[in-house]
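Shown next: structure-v6.pdb, given as PDB, C-alpha atoms.
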ATOM      1  CA  MET A   1      43.979  39.181  85.565
ATOM      2  CA  GLU A   2      43.567  35.496  86.414
ATOM      3  CA  GLN A   3      46.844  33.672  86.990
ATOM      4  CA  LYS A   4      47.266  30.215  85.515
ATOM      5  CA  ILE A   5      48.762  27.597  87.795
ATOM      6  CA  ILE A   6      48.618  24.785  85.202
ATOM      7  CA  GLU A   7      48.817  25.037  81.419
ATOM      8  CA  ILE A   8      48.078  21.853  79.469
ATOM      9  CA  GLN A   9      48.898  22.010  75.786
ATOM     10  CA  SER A  10      47.795  19.324  73.314
ATOM     11  CA  VAL A  11      48.266  16.406  75.710
ATOM     12  CA  PHE A  12      47.748  12.845  74.490
ATOM     13  CA  LYS A  13      47.994   9.570  76.388
ATOM     14  CA  ASN A  14      48.021   6.129  74.763
ATOM     15  CA  TYR A  15      48.238   2.920  76.770
ATOM     16  CA  GLY A  16      50.366   0.119  75.336
ATOM     17  CA  LYS A  17      49.831  -0.416  71.627
ATOM     18  CA  SER A  18      46.334   1.049  71.594
ATOM     19  CA  ILE A  19      45.797   3.482  68.731
ATOM     20  CA  VAL A  20      42.817   5.022  70.538
ATOM     21  CA  PRO A  21      44.132   7.587  73.044
ATOM     22  CA  ALA A  22      42.757   7.653  76.572
ATOM     23  CA  VAL A  23      43.400  11.407  76.509
ATOM     24  CA  ASP A  24      43.082  12.942  73.063
ATOM     25  CA  GLY A  25      44.753  16.311  72.533
ATOM     26  CA  ILE A  26      43.466  18.095  75.620
ATOM     27  CA  CYS A  27      44.246  21.774  76.144
ATOM     28  CA  LEU A  28      43.288  23.127  79.554
ATOM     29  CA  ASP A  29      44.258  25.965  81.883
ATOM     30  CA  VAL A  30      43.717  25.739  85.638
ATOM     31  CA  VAL A  31      43.401  29.092  87.399
ATOM     32  CA  LYS A  32      45.262  29.690  90.655
ATOM     33  CA  GLY A  33      42.968  29.352  93.683
ATOM     34  CA  GLU A  34      40.015  27.791  91.889
ATOM     35  CA  LYS A  35      38.144  24.558  92.524
ATOM     36  CA  LEU A  36      37.880  22.782  89.181
ATOM     37  CA  GLY A  37      35.661  19.727  88.825
ATOM     38  CA  VAL A  38      36.389  17.229  86.027
ATOM     39  CA  PHE A  39      33.359  15.116  85.131
ATOM     40  CA  GLY A  40      32.464  12.527  82.538
ATOM     41  CA  PRO A  41      31.256   8.953  81.979
ATOM     42  CA  ASN A  42      33.249   5.874  82.994
ATOM     43  CA  GLY A  43      36.301   5.524  80.775
ATOM     44  CA  ALA A  44      36.127   9.123  79.568
ATOM     45  CA  GLY A  45      39.734   9.822  80.573
ATOM     46  CA  LYS A  46      39.224  11.686  83.858
ATOM     47  CA  THR A  47      41.586   9.653  86.021
ATOM     48  CA  THR A  48      44.203   9.464  83.260
ATOM     49  CA  LEU A  49      44.122  13.247  82.868
ATOM     50  CA  ILE A  50      44.418  13.885  86.611
ATOM     51  CA  SER A  51      47.186  11.267  86.901
ATOM     52  CA  MET A  52      49.183  13.158  84.275
ATOM     53  CA  MET A  53      48.453  16.520  85.909
ATOM     54  CA  CYS A  54      49.877  15.344  89.224
ATOM     55  CA  GLY A  55      52.895  13.610  87.707
ATOM     56  CA  ILE A  56      51.929   9.952  88.183
ATOM     57  CA  LEU A  57      51.735   9.340  84.429
ATOM     58  CA  LYS A  58      53.744  10.929  81.631
ATOM     59  CA  PRO A  59      51.906  12.174  78.547
ATOM     60  CA  THR A  60      52.571  10.288  75.322
ATOM     61  CA  ARG A  61      52.992  13.737  73.842
ATOM     62  CA  GLY A  62      52.136  17.311  74.708
ATOM     63  CA  THR A  63      53.216  19.480  77.634
ATOM     64  CA  ILE A  64      51.994  20.263  81.142
ATOM     65  CA  ASN A  65      53.588  23.274  82.834
ATOM     66  CA  TYR A  66      53.084  24.768  86.287
ATOM     67  CA  THR A  67      53.497  28.305  87.574
ATOM     68  CA  ILE A  68      53.893  28.263  91.352
ATOM     69  CA  ASN A  69      55.107  31.221  93.418
ATOM     70  CA  GLU A  70      55.741  32.965  90.087
ATOM     71  CA  ASN A  71      58.215  30.270  89.038
ATOM     72  CA  GLN A  72      57.662  27.807  86.194
ATOM     73  CA  PHE A  73      58.080  24.065  86.670
ATOM     74  CA  ASP A  74      57.555  20.838  84.781
ATOM     75  CA  ALA A  75      55.693  17.951  86.436
ATOM     76  CA  LYS A  76      58.819  16.393  87.990
ATOM     77  CA  THR A  77      60.041  19.552  89.695
ATOM     78  CA  ALA A  78      56.518  20.619  90.706
ATOM     79  CA  LEU A  79      55.934  17.461  92.764
ATOM     80  CA  LYS A  80      56.911  19.070  96.067
ATOM     81  CA  PHE A  81      54.011  21.519  95.654
ATOM     82  CA  ILE A  82      51.444  18.841  94.757
ATOM     83  CA  GLY A  83      49.101  16.757  96.897
ATOM     84  CA  TYR A  84      47.179  13.757  95.560
ATOM     85  CA  VAL A  85      44.330  11.837  97.180
ATOM     86  CA  PRO A  86      43.493   8.758  95.091
ATOM     87  CA  GLN A  87      40.205   6.907  95.016
ATOM     88  CA  ASP A  88      41.921   3.749  96.272
ATOM     89  CA  PHE A  89      43.259   3.885  99.808
ATOM     90  CA  ALA A  90      46.968   4.740  99.808
ATOM     91  CA  PHE A  91      48.215   3.808 103.261
ATOM     92  CA  TYR A  92      49.478   0.861 105.315
ATOM     93  CA  PRO A  93      46.458  -0.770 107.014
ATOM     94  CA  GLU A  94      48.610  -2.686 109.517
ATOM     95  CA  LEU A  95      49.958   0.622 110.870
ATOM     96  CA  SER A  96      48.135   3.193 112.990
ATOM     97  CA  ALA A  97      47.002   6.610 111.795
ATOM     98  CA  GLU A  98      49.887   8.277 113.604
ATOM     99  CA  GLN A  99      52.419   5.813 112.190
ATOM    100  CA  ASN A 100      51.116   6.310 108.640
ATOM    101  CA  LEU A 101      51.182  10.081 108.905
ATOM    102  CA  THR A 102      54.676  10.033 110.408
ATOM    103  CA  TYR A 103      55.933   7.769 107.640
ATOM    104  CA  PHE A 104      54.482   9.856 104.804
ATOM    105  CA  GLY A 105      55.521  13.098 106.495
ATOM    106  CA  LYS A 106      59.120  11.885 106.576
ATOM    107  CA  MET A 107      58.820  10.988 102.897
ATOM    108  CA  TYR A 108      57.773  14.595 102.241
ATOM    109  CA  GLY A 109      60.873  15.691 104.155
ATOM    110  CA  LEU A 110      58.933  17.563 106.839
ATOM    111  CA  ASN A 111      60.768  18.776 109.926
ATOM    112  CA  SER A 112      60.011  16.517 112.925
ATOM    113  CA  GLN A 113      58.577  19.281 115.146
ATOM    114  CA  ILE A 114      56.454  20.675 112.303
ATOM    115  CA  LEU A 115      55.278  17.160 111.454
ATOM    116  CA  ILE A 116      54.149  16.433 115.032
ATOM    117  CA  LYS A 117      52.070  19.621 115.092
ATOM    118  CA  LYS A 118      50.669  18.875 111.644
ATOM    119  CA  ILE A 119      49.644  15.353 112.636
ATOM    120  CA  ASP A 120      47.952  16.602 115.810
ATOM    121  CA  PHE A 121      46.078  19.265 113.837
ATOM    122  CA  LEU A 122      44.844  16.942 111.091
ATOM    123  CA  LEU A 123      43.780  14.148 113.430
ATOM    124  CA  GLU A 124      41.841  16.633 115.561
ATOM    125  CA  LYS A 125      40.325  18.349 112.525
ATOM    126  CA  LEU A 126      39.167  15.062 111.022
ATOM    127  CA  GLY A 127      37.884  13.576 114.273
ATOM    128  CA  LEU A 128      40.536  10.856 114.525
ATOM    129  CA  SER A 129      42.508  11.871 117.618
ATOM    130  CA  ALA A 130      40.874   9.241 119.818
ATOM    131  CA  VAL A 131      41.863   6.435 117.417
ATOM    132  CA  ARG A 132      45.285   7.713 116.392
ATOM    133  CA  HIS A 133      47.025   4.586 117.772
ATOM    134  CA  LYS A 134      44.617   2.042 116.250
ATOM    135  CA  LYS A 135      45.474   0.119 113.101
ATOM    136  CA  LEU A 136      43.799   1.516 110.004
ATOM    137  CA  SER A 137      42.504  -1.971 109.211
ATOM    138  CA  THR A 138      40.065  -1.481 112.116
ATOM    139  CA  TYR A 139      38.735   1.848 110.766
ATOM    140  CA  SER A 140      35.343   2.333 109.154
ATOM    141  CA  GLY A 141      35.123   3.386 105.502
ATOM    142  CA  GLY A 142      34.578   7.023 106.406
ATOM    143  CA  MET A 143      37.539   7.054 108.786
ATOM    144  CA  LYS A 144      39.763   5.542 106.086
ATOM    145  CA  ARG A 145      38.652   8.247 103.636
ATOM    146  CA  ARG A 146      39.549  10.937 106.167
ATOM    147  CA  ILE A 147      43.016   9.539 106.857
ATOM    148  CA  ASN A 148      43.543   9.132 103.090
ATOM    149  CA  LEU A 149      42.885  12.860 102.760
ATOM    150  CA  ALA A 150      45.165  13.716 105.692
ATOM    151  CA  ILE A 151      48.070  11.890 104.053
ATOM    152  CA  GLY A 152      47.505  13.754 100.786
ATOM    153  CA  ILE A 153      47.628  17.217 102.362
ATOM    154  CA  LEU A 154      50.445  16.744 104.891
ATOM    155  CA  ASN A 155      52.797  18.856 102.768
ATOM    156  CA  ASP A 156      50.403  21.855 102.545
ATOM    157  CA  PRO A 157      50.157  21.524  98.757
ATOM    158  CA  LYS A 158      49.697  24.501  96.469
ATOM    159  CA  LEU A 159      47.892  22.117  94.109
ATOM    160  CA  LEU A 160      45.622  19.351  95.374
ATOM    161  CA  PHE A 161      44.221  16.576  93.163
ATOM    162  CA  LEU A 162      41.298  14.491  94.408
ATOM    163  CA  ASP A 163      39.860  11.363  92.779
ATOM    164  CA  GLU A 164      36.443  10.561  94.301
ATOM    165  CA  PRO A 165      37.343  12.003  97.741
ATOM    166  CA  THR A 166      33.970  11.242  99.386
ATOM    167  CA  VAL A 167      32.941   7.983  97.731
ATOM    168  CA  GLY A 168      31.230   5.599 100.138
ATOM    169  CA  VAL A 169      31.277   7.874 103.199
ATOM    170  CA  ASP A 170      28.517   8.879 105.587
ATOM    171  CA  VAL A 171      27.194  12.412 105.790
ATOM    172  CA  GLN A 172      29.321  13.284 108.838
ATOM    173  CA  SER A 173      32.568  12.194 107.146
ATOM    174  CA  LYS A 174      31.603  14.037 103.976
ATOM    175  CA  TYR A 175      30.951  17.208 105.983
ATOM    176  CA  ALA A 176      34.345  16.980 107.716
ATOM    177  CA  ILE A 177      36.142  16.395 104.410
ATOM    178  CA  ASP A 178      34.318  19.202 102.595
ATOM    179  CA  GLN A 179      34.922  21.631 105.449
ATOM    180  CA  LEU A 180      38.669  20.952 105.455
ATOM    181  CA  LEU A 181      38.867  21.250 101.663
ATOM    182  CA  ASP A 182      37.055  24.596 101.763
ATOM    183  CA  GLU A 183      39.488  25.854 104.406
ATOM    184  CA  LEU A 184      42.482  24.757 102.321
ATOM    185  CA  ASN A 185      41.051  26.491  99.274
ATOM    186  CA  GLU A 186      40.409  29.698 101.207
ATOM    187  CA  LYS A 187      44.093  29.687 102.202
ATOM    188  CA  GLY A 188      45.111  29.503  98.547
ATOM    189  CA  THR A 189      45.246  25.819  97.603
ATOM    190  CA  THR A 190      44.052  25.154  94.057
ATOM    191  CA  ILE A 191      41.868  22.037  93.912
ATOM    192  CA  VAL A 192      41.221  19.776  90.924
ATOM    193  CA  PHE A 193      38.831  16.903  91.576
ATOM    194  CA  THR A 194      36.651  14.302  89.961
ATOM    195  CA  SER A 195      33.561  12.656  91.395
ATOM    196  CA  HIS A 196      30.449  10.726  90.408
ATOM    197  CA  HIS A 197      28.500  12.564  93.127
ATOM    198  CA  LEU A 198      27.266  15.220  90.743
ATOM    199  CA  LYS A 199      24.630  16.833  92.962
ATOM    200  CA  GLU A 200      27.106  17.290  95.814
ATOM    201  CA  SER A 201      29.796  18.587  93.443
ATOM    202  CA  GLU A 202      27.572  21.396  92.140
ATOM    203  CA  GLN A 203      28.032  23.370  95.337
ATOM    204  CA  PHE A 204      31.754  22.738  95.596
ATOM    205  CA  CYS A 205      33.299  23.649  92.234
ATOM    206  CA  ASP A 206      33.944  27.090  90.763
ATOM    207  CA  ARG A 207      34.255  25.716  87.229
ATOM    208  CA  ILE A 208      33.545  22.379  85.616
ATOM    209  CA  ALA A 209      35.274  20.612  82.741
ATOM    210  CA  LEU A 210      33.283  17.890  80.999
ATOM    211  CA  ILE A 211      35.335  15.155  79.344
ATOM    212  CA  ASP A 212      34.260  12.348  77.033
ATOM    213  CA  LYS A 213      36.267   9.969  74.850
ATOM    214  CA  GLY A 214      39.462  11.648  75.982
ATOM    215  CA  LYS A 215      38.450  15.178  74.964
ATOM    216  CA  ILE A 216      37.240  18.251  76.840
ATOM    217  CA  ILE A 217      33.765  18.757  75.396
ATOM    218  CA  GLU A 218      32.774  21.760  77.501
ATOM    219  CA  ILE A 219      34.181  23.961  80.250
ATOM    220  CA  GLY A 220      32.869  26.895  82.244
ATOM    221  CA  THR A 221      30.891  27.821  85.337
ATOM    222  CA  LEU A 222      27.949  25.580  86.116
ATOM    223  CA  GLN A 223      25.397  28.380  85.811
ATOM    224  CA  THR A 224      26.728  29.468  82.419
ATOM    225  CA  LEU A 225      26.596  25.919  81.057
ATOM    226  CA  LEU A 226      23.137  25.223  82.486
ATOM    227  CA  SER A 227      21.884  28.402  80.856
ATOM    228  CA  THR A 228      23.591  27.638  77.540
ATOM    229  CA  TYR A 229      22.113  24.149  77.244
ATOM    230  CA  GLN A 230      18.806  24.894  79.027
ATOM    231  CA  VAL A 231      19.093  22.045  81.533
ATOM    232  CA  ALA A 232      18.354  21.949  85.256
ATOM    233  CA  ASP A 233      21.490  20.507  86.829
ATOM    234  CA  LEU A 234      24.902  18.937  86.277
ATOM    235  CA  GLU A 235      23.469  15.442  85.833
ATOM    236  CA  GLU A 236      21.151  16.574  83.045
ATOM    237  CA  LEU A 237      23.998  18.515  81.455
ATOM    238  CA  LEU A 238      26.255  15.463  81.418
ATOM    239  CA  ILE A 239      23.522  13.259  79.925
ATOM    240  CA  HIS A 240      22.723  15.927  77.348
ATOM    241  CA  LEU A 241      26.343  16.171  76.193
ATOM    242  CA  THR A 242      27.471  12.534  76.498
ATOM    243  CA  GLY A 243      24.253  10.580  75.892
ATOM    244  CA  LYS A 244      22.496   7.805  77.775
ATOM    245  CA  GLU A 245      24.594   4.909  76.465
ATOM    246  CA  LEU A 246      26.036   2.735  79.250
ATOM    247  CA  ARG A 247      29.823   2.981  79.659
ATOM    248  CA  ASP A 248      30.636  -0.128  81.702
TER     249      ASP A 248
END

Could you write out this structure as structure tokens?
Amino acid sequence: MEQKIIEIQSVFKNYGKSIVPAVDGICLDVVKGEKLGVFGPNGAGKTTLISMMCGILKPTRGTINYTINENQFDAKTALKFIGYVPQDFAFYPELSAEQNLTYFGKMYGLNSQILIKKIDFLLEKLGLSAVRHKKLSTYSGGMKRRINLAIGILNDPKLLFLDEPTVGVDVQSKYAIDQLLDELNEKGTTIVFTSHHLKESEQFCDRIALIDKGKIIEIGTLQTLLSTYQVADLEELLIHLTGKELRD
């Protein structure tokens, strides 16, 4: 029987005085150990949903519960098990890679000896050992993406949320990021991510959730959904279900 790691029940999110919710009554279960992709047009509610799932935003109403190591938590108490890699860079560019990782590792409360080994491992794994003492402001876009990921997984999260993790990177950086994410998932980390790189995402996710106007409009394995709607790929599926209207 599949074990749920997240249960979302009738979650709404309104910003300010807007009567139109950014997230509109979503119910969603995330299965332990899966890679779930959340896709939709601009403004569909993807980032708002993920921000609530990882505790950055509070729902206007509804509940999000977590079952981790067979114990139940709310978003606040589940934070120590969660990793988040935002689309925007979340580090100090005037500091080096090593300084950033040390700072965020201390924030996570990691033991100093464990943290040193973790930093060495991640910098080596992501091809950044040779530039560990250089300021991040001197890094290329791909290098910044890789260090952004390293910061987000320092605490060995049980749940990892990714918002456009490979946007703007070269093929080598994308390969390094994807390889590390696959290894984390194989060790038991549940991954929830969103991306506009639909073709690349097809190979990565176990299930996909399509969201539009704040609602989940479809969810399932890619092959099941392609067969159901008689379309060739994820891009065609998204166009078929959300239309061709521009969402700028």

| message | Evaluated on this file, the PyMOL selection byres ((chain A and resi 143) around 10) picks out some residues - which ones are they, written as a PyMOL selection string? | response | chain A and resi 97+126-128+131+136+138-142+144-149+169-170+173

| field | Resolved residues for the PyMOL selection byres ((chain A and resi 63) around 6) as a PyMOL selection string | value | chain A and resi 8-9+62+64

| task | Compare A:Ile216, A:Lys58, A:Leu198, A:Gln72 by their minimum atom-to-atom distance to Glu236 of chain A, counting all atoms listed in the file, and give me the closest one. | result |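 With all atoms listed in the file as the atom set, the closest residue is A:Leu198.
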
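Counting from atom CA of Lys13 of chain A, the distance to atom CA of Pro59 of chain A is 5.2 Å.
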
| request: Find the spatial neighbours of Thr60 of chain A, counting only C-alpha atoms, within a cut-off of 8 Å - ignore same-chain residues fewer than 5 positions away - and output them as a ChimeraX atom specification. | output: /A:11-14
